[in-house]
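Dropping upload09.txt in here (compact mmCIF, C-alpha atoms):
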# COMPACT_ATOMS: atom_id res chain seq x y z
CA MET A 10 100.97 77.28 128.98
CA THR A 11 102.38 79.09 132.03
CA ASP A 12 100.52 81.49 134.25
CA GLU A 13 102.61 84.34 132.81
CA GLU A 14 101.30 83.56 129.32
CA LEU A 15 97.65 83.59 130.37
CA GLU A 16 95.59 86.77 130.19
CA ASP A 17 92.27 87.50 131.81
CA ARG A 18 90.56 89.74 129.25
CA ALA A 19 87.95 90.75 131.81
CA ILE A 20 90.45 92.60 133.99
CA ILE A 21 92.74 93.99 131.28
CA ARG A 22 92.12 97.68 130.70
CA PRO A 23 92.17 98.54 126.99
CA THR A 24 94.79 101.09 125.97
CA LEU A 25 95.69 102.72 122.68
CA GLY A 26 98.97 100.82 122.65
CA ARG A 27 97.22 97.49 123.09
CA THR A 28 94.76 98.34 120.31
CA LEU A 29 97.54 99.23 117.87
CA ARG A 30 99.59 96.17 118.79
CA GLY A 31 96.53 94.00 118.39
CA LEU A 32 95.98 95.27 114.85
CA PHE A 33 99.48 94.17 113.89
CA GLN A 34 99.32 90.88 115.79
CA TYR A 35 96.01 89.98 114.13
CA GLY A 36 97.03 91.19 110.69
CA HIS A 37 96.34 87.72 109.30
CA LEU A 38 92.71 88.01 110.45
CA LEU A 39 92.39 91.39 108.76
CA ARG A 40 93.71 89.98 105.48
CA ASN A 41 91.44 86.94 105.72
CA LEU A 42 88.34 89.07 106.33
CA VAL A 43 89.08 91.27 103.31
CA SER A 44 89.84 88.24 101.14
CA LYS A 45 86.66 86.49 102.29
CA ASP A 46 84.48 89.51 101.48
CA LEU A 47 86.00 89.83 98.01
CA LYS A 48 85.44 86.15 97.26
CA LEU A 49 81.86 86.20 98.57
CA LYS A 50 80.99 89.29 96.55
CA TYR A 51 81.85 87.64 93.23
CA ARG A 52 81.14 83.99 94.04
CA GLY A 53 78.67 82.44 91.64
CA SER A 54 78.60 85.52 89.40
CA ALA A 55 79.29 85.05 85.71
CA LEU A 56 80.50 88.65 85.27
CA GLY A 57 82.28 88.90 88.62
CA PHE A 58 84.13 92.21 89.04
CA VAL A 59 82.26 93.76 86.11
CA TRP A 60 79.28 94.23 88.43
CA SER A 61 81.39 96.57 90.58
CA LEU A 62 81.72 98.83 87.55
CA ALA A 63 77.96 98.95 87.00
CA ASN A 64 77.02 101.31 89.85
CA PRO A 65 79.61 104.05 89.15
CA LEU A 66 79.00 103.66 85.41
CA LEU A 67 75.26 104.17 85.90
CA MET A 68 75.81 107.23 88.11
CA ILE A 69 78.26 108.68 85.61
CA GLY A 70 75.80 108.14 82.76
CA VAL A 71 72.86 109.73 84.58
CA TYR A 72 74.80 112.76 85.82
CA THR A 73 76.53 113.24 82.49
CA PHE A 74 73.18 113.33 80.68
CA ALA A 75 71.59 115.61 83.28
CA PHE A 76 74.41 118.14 83.45
CA THR A 77 75.60 118.19 79.85
CA ARG A 78 72.33 117.68 77.91
CA ILE A 79 69.77 119.28 80.21
CA MET A 80 71.66 121.84 82.31
CA LYS A 81 74.29 122.50 79.62
CA VAL A 82 77.31 122.53 81.92
CA GLU A 83 80.23 124.10 80.06
CA THR A 84 83.05 122.39 81.93
CA PRO A 85 85.48 120.98 79.33
CA ALA A 86 85.94 117.20 79.48
CA PHE A 87 83.17 117.13 82.09
CA VAL A 88 82.90 113.33 82.05
CA PHE A 89 86.55 113.00 83.12
CA TYR A 90 86.01 115.56 85.90
CA LEU A 91 82.85 113.73 86.99
CA VAL A 92 84.41 110.26 87.02
CA LEU A 93 87.22 111.35 89.35
CA GLY A 94 84.69 112.61 91.88
CA ILE A 95 82.19 109.78 91.49
CA LEU A 96 84.79 107.05 92.01
CA ALA A 97 86.24 108.71 95.11
CA TRP A 98 82.74 109.33 96.49
CA THR A 99 81.57 105.76 95.80
CA TYR A 100 84.59 104.43 97.69
CA PHE A 101 83.83 106.74 100.61
CA ALA A 102 80.05 106.25 100.73
CA ASN A 103 80.11 102.46 100.41
CA ALA A 104 82.83 102.05 103.03
CA ILE A 105 81.16 104.38 105.53
CA ALA A 106 77.70 102.85 105.06
CA MET A 107 79.05 99.30 105.45
CA SER A 108 81.41 100.04 108.33
CA SER A 109 78.73 101.65 110.49
CA GLY A 110 77.27 98.18 110.99
CA SER A 111 80.50 96.20 110.83
CA ILE A 112 80.53 95.34 114.54
CA VAL A 113 76.78 94.91 115.02
CA ASP A 114 76.48 92.69 111.94
CA SER A 115 79.32 90.48 113.19
CA GLY A 116 77.74 89.85 116.58
CA GLY A 117 78.25 86.08 116.43
CA LEU A 118 81.96 86.46 115.80
CA VAL A 119 82.35 89.19 118.41
CA ARG A 120 80.64 87.08 121.08
CA SER A 121 82.47 83.86 120.31
CA VAL A 122 86.13 84.85 120.18
CA TRP A 123 88.36 87.69 121.29
CA PHE A 124 90.25 89.81 118.76
CA PRO A 125 90.79 93.56 118.36
CA ARG A 126 87.35 94.87 117.41
CA ALA A 127 88.96 97.62 115.33
CA ILE A 128 89.76 94.96 112.75
CA LEU A 129 86.11 94.78 111.65
CA PRO A 130 85.69 98.41 110.48
CA PHE A 131 89.25 98.39 109.10
CA ALA A 132 88.46 95.28 107.05
CA THR A 133 85.39 96.98 105.59
CA VAL A 134 87.41 100.02 104.52
CA LEU A 135 90.15 97.87 102.97
CA PHE A 136 87.58 95.75 101.14
CA ASN A 137 86.17 98.89 99.53
CA LEU A 138 89.68 100.19 98.87
CA ALA A 139 90.44 97.05 96.86
CA GLN A 140 87.30 97.55 94.78
CA TYR A 141 88.09 101.25 94.29
CA LEU A 142 91.60 100.52 93.04
CA LEU A 143 90.33 97.91 90.59
CA THR A 144 87.72 100.35 89.29
CA VAL A 145 90.22 103.19 88.94
CA ALA A 146 92.57 100.86 87.07
CA VAL A 147 89.80 100.36 84.50
CA PHE A 148 88.31 103.85 84.16
CA LEU A 149 91.29 106.17 84.60
CA PRO A 150 93.54 105.03 81.72
CA ILE A 151 90.59 104.94 79.28
CA LEU A 152 89.48 108.46 80.12
CA MET A 153 93.02 109.82 80.06
CA VAL A 154 93.29 108.65 76.47
CA LEU A 155 89.78 109.77 75.44
CA TYR A 156 90.21 113.29 76.80
CA ASP A 157 93.93 113.64 76.05
CA LYS A 158 94.94 114.16 79.67
CA PRO A 159 98.04 112.00 80.19
CA PRO A 160 99.42 111.83 83.73
CA ALA A 161 101.69 114.72 84.68
CA ALA A 162 104.16 115.10 87.56
CA PRO A 163 101.39 115.89 90.11
CA ALA A 164 100.09 112.32 89.63
CA LEU A 165 102.92 111.30 91.96
CA ALA A 166 100.86 112.79 94.79
CA TYR A 167 97.96 110.40 94.17
CA PRO A 168 99.12 107.62 96.54
CA LEU A 169 99.55 110.12 99.37
CA VAL A 170 96.09 111.64 98.84
CA LEU A 171 94.57 108.15 98.72
CA LEU A 172 96.41 107.21 101.92
CA LEU A 173 95.07 110.31 103.69
CA GLN A 174 91.53 109.62 102.46
CA THR A 175 91.75 106.00 103.61
CA ALA A 176 93.05 107.05 107.03
CA PHE A 177 90.21 109.57 107.32
CA MET A 178 87.68 106.90 106.39
CA ALA A 179 89.21 104.37 108.79
CA GLY A 180 88.79 106.88 111.61
CA LEU A 181 85.17 107.53 110.67
CA ALA A 182 84.58 103.78 110.38
CA LEU A 183 85.82 103.27 113.92
CA LEU A 184 83.67 106.10 115.26
CA LEU A 185 80.53 104.94 113.47
CA SER A 186 80.92 101.22 114.16
CA VAL A 187 81.31 101.79 117.90
CA SER A 188 78.51 104.38 117.98
CA THR A 189 76.13 102.05 116.12
CA ALA A 190 76.79 99.28 118.66
CA PHE A 191 75.36 101.57 121.35
CA PHE A 192 72.85 103.55 119.28
CA ARG A 193 71.31 101.72 116.32
CA ASP A 194 69.87 104.95 114.92
CA VAL A 195 73.37 105.96 113.84
CA ARG A 196 73.04 103.81 110.70
CA HIS A 197 69.98 105.76 109.60
CA LEU A 198 71.67 109.07 110.35
CA VAL A 199 74.61 108.00 108.19
CA GLU A 200 72.30 107.43 105.21
CA VAL A 201 70.88 110.94 105.54
CA ALA A 202 74.30 112.50 106.08
CA LEU A 203 75.73 110.84 102.97
CA ALA A 204 72.89 112.18 100.84
CA VAL A 205 73.60 115.72 102.06
CA LEU A 206 77.39 115.43 101.84
CA PHE A 207 77.27 114.34 98.21
CA TRP A 208 75.94 117.74 97.18
CA ALA A 209 78.30 119.51 99.56
CA THR A 210 81.27 117.94 97.74
CA PRO A 211 82.56 119.32 94.39
CA ILE A 212 81.71 116.21 92.36
CA VAL A 213 79.19 117.43 89.79
CA TYR A 214 80.29 121.08 89.89
CA GLU A 215 83.54 123.01 89.98
CA MET A 216 84.29 124.85 93.21
CA SER A 217 85.24 127.94 91.19
CA ARG A 218 81.61 128.17 89.93
CA VAL A 219 80.18 128.21 93.46
CA PRO A 220 79.16 131.70 94.69
CA GLU A 221 81.81 133.18 96.94
CA ARG A 222 79.51 133.31 99.98
CA PHE A 223 79.08 129.50 99.88
CA ARG A 224 82.51 128.48 98.66
CA GLY A 225 84.24 128.88 102.03
CA TRP A 226 81.77 126.55 103.72
CA LEU A 227 81.87 123.90 101.02
CA GLN A 228 85.66 123.77 101.11
CA PHE A 229 85.37 122.37 104.64
CA SER A 230 83.01 119.56 103.64
CA PRO A 231 84.67 116.30 104.82
CA MET A 232 85.29 114.84 101.36
CA ALA A 233 85.97 118.14 99.61
CA PRO A 234 89.78 118.23 100.07
CA TYR A 235 90.23 114.70 98.75
CA VAL A 236 87.98 115.13 95.69
CA THR A 237 89.57 118.53 95.03
CA ALA A 238 93.02 116.95 95.20
CA TYR A 239 92.06 114.24 92.69
CA HIS A 240 90.71 116.92 90.33
CA ASP A 241 93.91 118.93 90.73
CA ILE A 242 96.15 115.93 90.13
CA PHE A 243 94.43 114.37 87.11
CA TYR A 244 92.02 116.91 85.60
CA TYR A 245 93.88 120.21 86.03
CA ARG A 246 97.26 118.40 86.13
CA ARG A 247 98.59 120.63 88.90
CA TRP A 248 99.73 120.17 92.48
CA PRO A 249 97.04 120.62 95.16
CA ASP A 250 97.53 123.84 97.10
CA ALA A 251 98.61 124.05 100.73
CA GLY A 252 95.05 124.54 102.00
CA VAL A 253 93.87 121.32 100.39
CA TRP A 254 96.79 119.38 101.85
CA ALA A 255 96.22 120.89 105.30
CA LEU A 256 92.54 119.93 105.35
CA ALA A 257 93.16 116.44 103.93
CA ALA A 258 95.87 115.72 106.50
CA GLY A 259 93.98 117.39 109.35
CA TYR A 260 90.80 115.42 108.76
CA ALA A 261 92.75 112.17 108.49
CA VAL A 262 94.68 112.70 111.73
CA VAL A 263 91.72 113.95 113.76
CA ALA A 264 89.33 111.24 112.54
CA LEU A 265 91.81 108.41 113.06
CA ALA A 266 92.84 109.65 116.52
CA ALA A 267 89.20 110.10 117.58
CA GLY A 268 88.22 106.70 116.20
CA LEU A 269 91.03 104.87 117.93
CA TRP A 270 90.29 106.70 121.20
CA LEU A 271 86.59 105.77 121.08
CA MET A 272 87.35 102.16 120.19
CA THR A 273 89.91 101.88 122.98
CA ARG A 274 87.53 103.42 125.50
CA HIS A 275 84.57 101.13 124.72
CA GLU A 276 86.11 97.98 123.24
CA ASP A 277 85.56 95.93 126.40
CA ARG A 278 81.81 96.77 126.35
CA LEU A 279 81.09 95.92 122.72
CA THR A 280 80.45 92.23 123.30
CA GLU A 281 77.46 92.91 125.54
CA GLN A 282 76.07 95.47 123.06
CA VAL A 283 75.82 93.13 120.06
Now that the file is in, can you turn its structure into structure tokens?
Amino acid sequence: MTDEELEDRAIIRPTLGRTLRGLFQYGHLLRNLVSKDLKLKYRGSALGFVWSLANPLLMIGVYTFAFTRIMKVETPAFVFYLVLGILAWTYFANAIAMSSGSIVDSGGLVRSVWFPRAILPFATVLFNLAQYLLTVAVFLPILMVLYDKPPAAPALAYPLVLLLQTAFMAGLALLLSVSTAFFRDVRHLVEVALAVLFWATPIVYEMSRVPERFRGWLQFSPMAPYVTAYHDIFYYRRWPDAGVWALAAGYAVVALAAGLWLMTRHEDRLTEQV
């Protein structure tokens, strides 16, 4: 190897361009991490992927009983409405909770070899994305048939909404994973924030039933535009309005830009923090 091919990582200043190039150059590592996590999750389990359906199924059952039998919610096909929100929320909450510790929990790997640290939170998000897609592939067709809501033209917007949600989550994952490396209390704050955000997101209620004085605030809840878009696409079978698209895209761009900036700024200090 020539001197020109050698790099001294200690004197190289991280830049956004280097971070982005590193993600592409180490794409094989990203794929291997996601594949490894999927294999470990189901290794030695007789039911395998079925266990991933258990948590959302339990939540759906509990909330369905509480809101339809006890509180007498009058939303037609409420279970279908609920499932769309629960699945999107489970994807978000699991990915965010796991990614906040993705760098800290991989301290041995971080200290032993150099690679773009952004790969760790990205791998966590993609791992949860794979599980979400498998779960949706099971639940969505069944409920469409049960509640006579076949896909309409707006369903074509689903991949774009999912892409925006995933970009938003990737940005948050970067922000939280770096922050947790410096301040361990961030993980505990994330748990509290997720509990609050669940009720600030239109999952178990329709936004139209929220009093006007609260509706404006709830529409700006971080997950609200994505869950609203899924309801529009599959439940109401209509195109999301311009405001929903603007918030979904705005949150995705801002979160991803902020996450990449923070990672780039502190990447060279992460090794000593874990």
May I have the centre and edge lengths, in Å to one decimal, of an axis-aligned box around the listed atoms of range 231-247 of chain A with 5 Å added to every side, as JSON?
{"center_x": 91.6, "center_y": 117.4, "center_z": 95.2, "size_x": 23.9, "size_y": 16.4, "size_z": 29.2}
Nearest residue to Leu42 in chain A from the set A:Thr84, A:Ser121, A:Ser217, A:Ser111 (distances using only C-alpha atoms):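 For Leu42 in chain A, the nearest of the given residues is A:Ser111.
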Got a sec: who's within 8 Å of range 234-244 of chain A, counting all atoms listed in the file, leaving out chain neighbours fewer than 4 positions off, as number ranges by chain? A: 89-90, 93-94, 97-98, 158, 160-161, 163-164, 166-167, 170-171, 174, 210-212, 228-230, 248-249, 253-254, 256-257
Excluding Glu200 in chain A and residues on its chain fewer than 6 positions from it, collect all residues at most 10 Å away from it, counting only C-alpha atoms, and give them as a list in words.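 So, after excluding close chain neighbours, the residues are Ala102, Ile105 and Ala106 of chain A.
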Separation of CA of Val187 in chain A and CA of Leu279 in chain A, in Å?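 Interatomic distance, CA of Val187 in chain A to CA of Leu279 in chain A: 7.6 Å.
Here the question is which of A:Val134, A:Ala63, A:Ser108, A:Ser115 gets nearest to Arg40 in chain A using only C-alpha atoms, and that residue is A:Val134.
The space between CA of Arg278 in chain A and CA of Ala190 in chain A spans 9.5 Å.
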Surrounding residues of Ala179 in chain A excluding itself and chain neighbours under 2 positions, 10 Å, only C-alpha atoms, as a compact mmCIF listing (two decimals) with C-alpha atoms, in the coordinates of the input:
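The resulting file, result29.txt, is shown below:
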# COMPACT_ATOMS: atom_id res chain seq x y z
CA ALA A 104 82.83 102.05 103.03
CA ILE A 105 81.16 104.38 105.53
CA SER A 108 81.41 100.04 108.33
CA ALA A 127 88.96 97.62 115.33
CA PRO A 130 85.69 98.41 110.48
CA PHE A 131 89.25 98.39 109.10
CA ALA A 132 88.46 95.28 107.05
CA THR A 133 85.39 96.98 105.59
CA VAL A 134 87.41 100.02 104.52
CA LEU A 135 90.15 97.87 102.97
CA LEU A 173 95.07 110.31 103.69
CA GLN A 174 91.53 109.62 102.46
CA THR A 175 91.75 106.00 103.61
CA ALA A 176 93.05 107.05 107.03
CA PHE A 177 90.21 109.57 107.32
CA LEU A 181 85.17 107.53 110.67
CA ALA A 182 84.58 103.78 110.38
CA LEU A 183 85.82 103.27 113.92
CA LEU A 184 83.67 106.10 115.26
CA LEU A 185 80.53 104.94 113.47
CA ALA A 261 92.75 112.17 108.49
CA ALA A 264 89.33 111.24 112.54
CA LEU A 265 91.81 108.41 113.06
CA GLY A 268 88.22 106.70 116.20
CA LEU A 269 91.03 104.87 117.93
Minimum-distance residue to Ile128 in chain A, chosen among A:Val43, A:Thr144, A:His275, A:Thr280 (using only C-alpha atoms): A:Val43
For CA of Tyr156 in chain A and CA of Leu169 in chain A, the interatomic separation in Å (one decimal):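 Computed distance, CA of Tyr156 in chain A to CA of Leu169 in chain A, equals 24.6 Å.
Near Leu62 in chain A, within a cut-off of 12 Å and counting only C-alpha atoms, sit the residues Leu56, Gly57, Phe58, Val59, Trp60, Asn64, Pro65, Leu66, Leu67, Met68, Ile69, Val92, Ile95, Leu96, Thr99, Tyr100, Gln140, Tyr141, Leu142, Leu143, Thr144, Val145, Ala146, Val147 and Phe148 of chain A, with same-chain residues fewer than 2 positions away left out.
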Within 12 Å of Leu29 in chain A, counting only C-alpha atoms, which residues qualify if same-chain residues fewer than 5 places away don't, as a PyMOL selection string? chain A and resi 23-24+34-36+124-128+265-266+269-270+272-273
From A:Phe191, A:Trp208, A:Phe136, A:Tyr245, residue lying nearest Leu47 in chain A [all atoms listed in the file]: A:Phe136
Filled-in N, CA and C atoms of range 235-266 of chain A, supplied as an mmCIF file, in the frame of the given file:
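Everything below was put into selection_29.cif:
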data_model
loop_
_atom_site.group_PDB
_atom_site.id
_atom_site.type_symbol
_atom_site.label_atom_id
_atom_site.label_comp_id
_atom_site.auth_asym_id
_atom_site.auth_seq_id
_atom_site.Cartn_x
_atom_site.Cartn_y
_atom_site.Cartn_z
ATOM 1 N N TYR A 235 89.746 115.881 99.478
ATOM 2 C CA TYR A 235 90.230 114.700 98.750
ATOM 3 C C TYR A 235 89.765 114.724 97.291
ATOM 4 N N VAL A 236 88.491 115.039 97.070
ATOM 5 C CA VAL A 236 87.980 115.130 95.690
ATOM 6 C C VAL A 236 88.674 116.272 94.964
ATOM 7 N N THR A 237 88.856 117.398 95.635
ATOM 8 C CA THR A 237 89.570 118.530 95.030
ATOM 9 C C THR A 237 90.983 118.137 94.645
ATOM 10 N N ALA A 238 91.647 117.387 95.496
ATOM 11 C CA ALA A 238 93.020 116.950 95.200
ATOM 12 C C ALA A 238 93.059 116.040 93.981
ATOM 13 N N TYR A 239 92.098 115.118 93.860
ATOM 14 C CA TYR A 239 92.060 114.240 92.690
ATOM 15 C C TYR A 239 91.822 115.049 91.410
ATOM 16 N N HIS A 240 90.940 116.054 91.483
ATOM 17 C CA HIS A 240 90.710 116.920 90.330
ATOM 18 C C HIS A 240 91.989 117.681 89.963
ATOM 19 N N ASP A 241 92.657 118.197 90.981
ATOM 20 C CA ASP A 241 93.910 118.930 90.730
ATOM 21 C C ASP A 241 94.939 118.029 90.055
ATOM 22 N N ILE A 242 95.084 116.840 90.578
ATOM 23 C CA ILE A 242 96.150 115.930 90.130
ATOM 24 C C ILE A 242 95.921 115.448 88.697
ATOM 25 N N PHE A 243 94.686 115.021 88.403
ATOM 26 C CA PHE A 243 94.430 114.370 87.110
ATOM 27 C C PHE A 243 93.721 115.260 86.093
ATOM 28 N N TYR A 244 92.791 116.092 86.540
ATOM 29 C CA TYR A 244 92.020 116.910 85.600
ATOM 30 C C TYR A 244 92.765 118.199 85.247
ATOM 31 N N TYR A 245 93.155 118.955 86.288
ATOM 32 C CA TYR A 245 93.880 120.210 86.030
ATOM 33 C C TYR A 245 95.377 119.976 85.845
ATOM 34 N N ARG A 246 95.850 118.786 86.266
ATOM 35 C CA ARG A 246 97.260 118.400 86.130
ATOM 36 C C ARG A 246 98.171 119.412 86.832
ATOM 37 N N ARG A 247 97.822 119.703 88.085
ATOM 38 C CA ARG A 247 98.590 120.630 88.900
ATOM 39 C C ARG A 247 98.665 120.081 90.317
ATOM 40 N N TRP A 248 99.580 120.617 91.100
ATOM 41 C CA TRP A 248 99.730 120.170 92.480
ATOM 42 C C TRP A 248 98.626 120.798 93.339
ATOM 43 N N PRO A 249 98.009 120.033 94.236
ATOM 44 C CA PRO A 249 97.040 120.620 95.160
ATOM 45 C C PRO A 249 97.697 121.704 96.006
ATOM 46 N N ASP A 250 96.934 122.752 96.324
ATOM 47 C CA ASP A 250 97.530 123.840 97.100
ATOM 48 C C ASP A 250 97.647 123.470 98.576
ATOM 49 N N ALA A 251 98.307 124.337 99.318
ATOM 50 C CA ALA A 251 98.610 124.050 100.730
ATOM 51 C C ALA A 251 97.342 123.878 101.561
ATOM 52 N N GLY A 252 96.292 124.656 101.242
ATOM 53 C CA GLY A 252 95.050 124.540 102.000
ATOM 54 C C GLY A 252 94.393 123.176 101.846
ATOM 55 N N VAL A 253 94.441 122.642 100.636
ATOM 56 C CA VAL A 253 93.870 121.320 100.390
ATOM 57 C C VAL A 253 94.644 120.258 101.161
ATOM 58 N N TRP A 254 95.969 120.338 101.110
ATOM 59 C CA TRP A 254 96.790 119.380 101.850
ATOM 60 C C TRP A 254 96.536 119.471 103.350
ATOM 61 N N ALA A 255 96.417 120.703 103.858
ATOM 62 C CA ALA A 255 96.220 120.890 105.300
ATOM 63 C C ALA A 255 94.899 120.270 105.754
ATOM 64 N N LEU A 256 93.833 120.501 104.981
ATOM 65 C CA LEU A 256 92.540 119.930 105.350
ATOM 66 C C LEU A 256 92.553 118.405 105.229
ATOM 67 N N ALA A 257 93.130 117.902 104.133
ATOM 68 C CA ALA A 257 93.160 116.440 103.930
ATOM 69 C C ALA A 257 93.922 115.756 105.056
ATOM 70 N N ALA A 258 95.071 116.311 105.421
ATOM 71 C CA ALA A 258 95.870 115.720 106.500
ATOM 72 C C ALA A 258 95.202 115.914 107.856
ATOM 73 N N GLY A 259 94.637 117.099 108.072
ATOM 74 C CA GLY A 259 93.980 117.390 109.350
ATOM 75 C C GLY A 259 92.794 116.477 109.604
ATOM 76 N N TYR A 260 91.951 116.312 108.604
ATOM 77 C CA TYR A 260 90.800 115.420 108.760
ATOM 78 C C TYR A 260 91.238 113.982 109.017
ATOM 79 N N ALA A 261 92.276 113.548 108.326
ATOM 80 C CA ALA A 261 92.750 112.170 108.490
ATOM 81 C C ALA A 261 93.263 111.941 109.915
ATOM 82 N N VAL A 262 94.084 112.859 110.394
ATOM 83 C CA VAL A 262 94.680 112.700 111.730
ATOM 84 C C VAL A 262 93.618 112.779 112.818
ATOM 85 N N VAL A 263 92.745 113.764 112.728
ATOM 86 C CA VAL A 263 91.720 113.950 113.760
ATOM 87 C C VAL A 263 90.750 112.764 113.780
ATOM 88 N N ALA A 264 90.286 112.345 112.604
ATOM 89 C CA ALA A 264 89.330 111.240 112.540
ATOM 90 C C ALA A 264 89.943 109.948 113.059
ATOM 91 N N LEU A 265 91.181 109.658 112.637
ATOM 92 C CA LEU A 265 91.810 108.410 113.060
ATOM 93 C C LEU A 265 92.095 108.423 114.553
ATOM 94 N N ALA A 266 92.565 109.551 115.083
ATOM 95 C CA ALA A 266 92.840 109.650 116.520
ATOM 96 C C ALA A 266 91.546 109.507 117.322
#
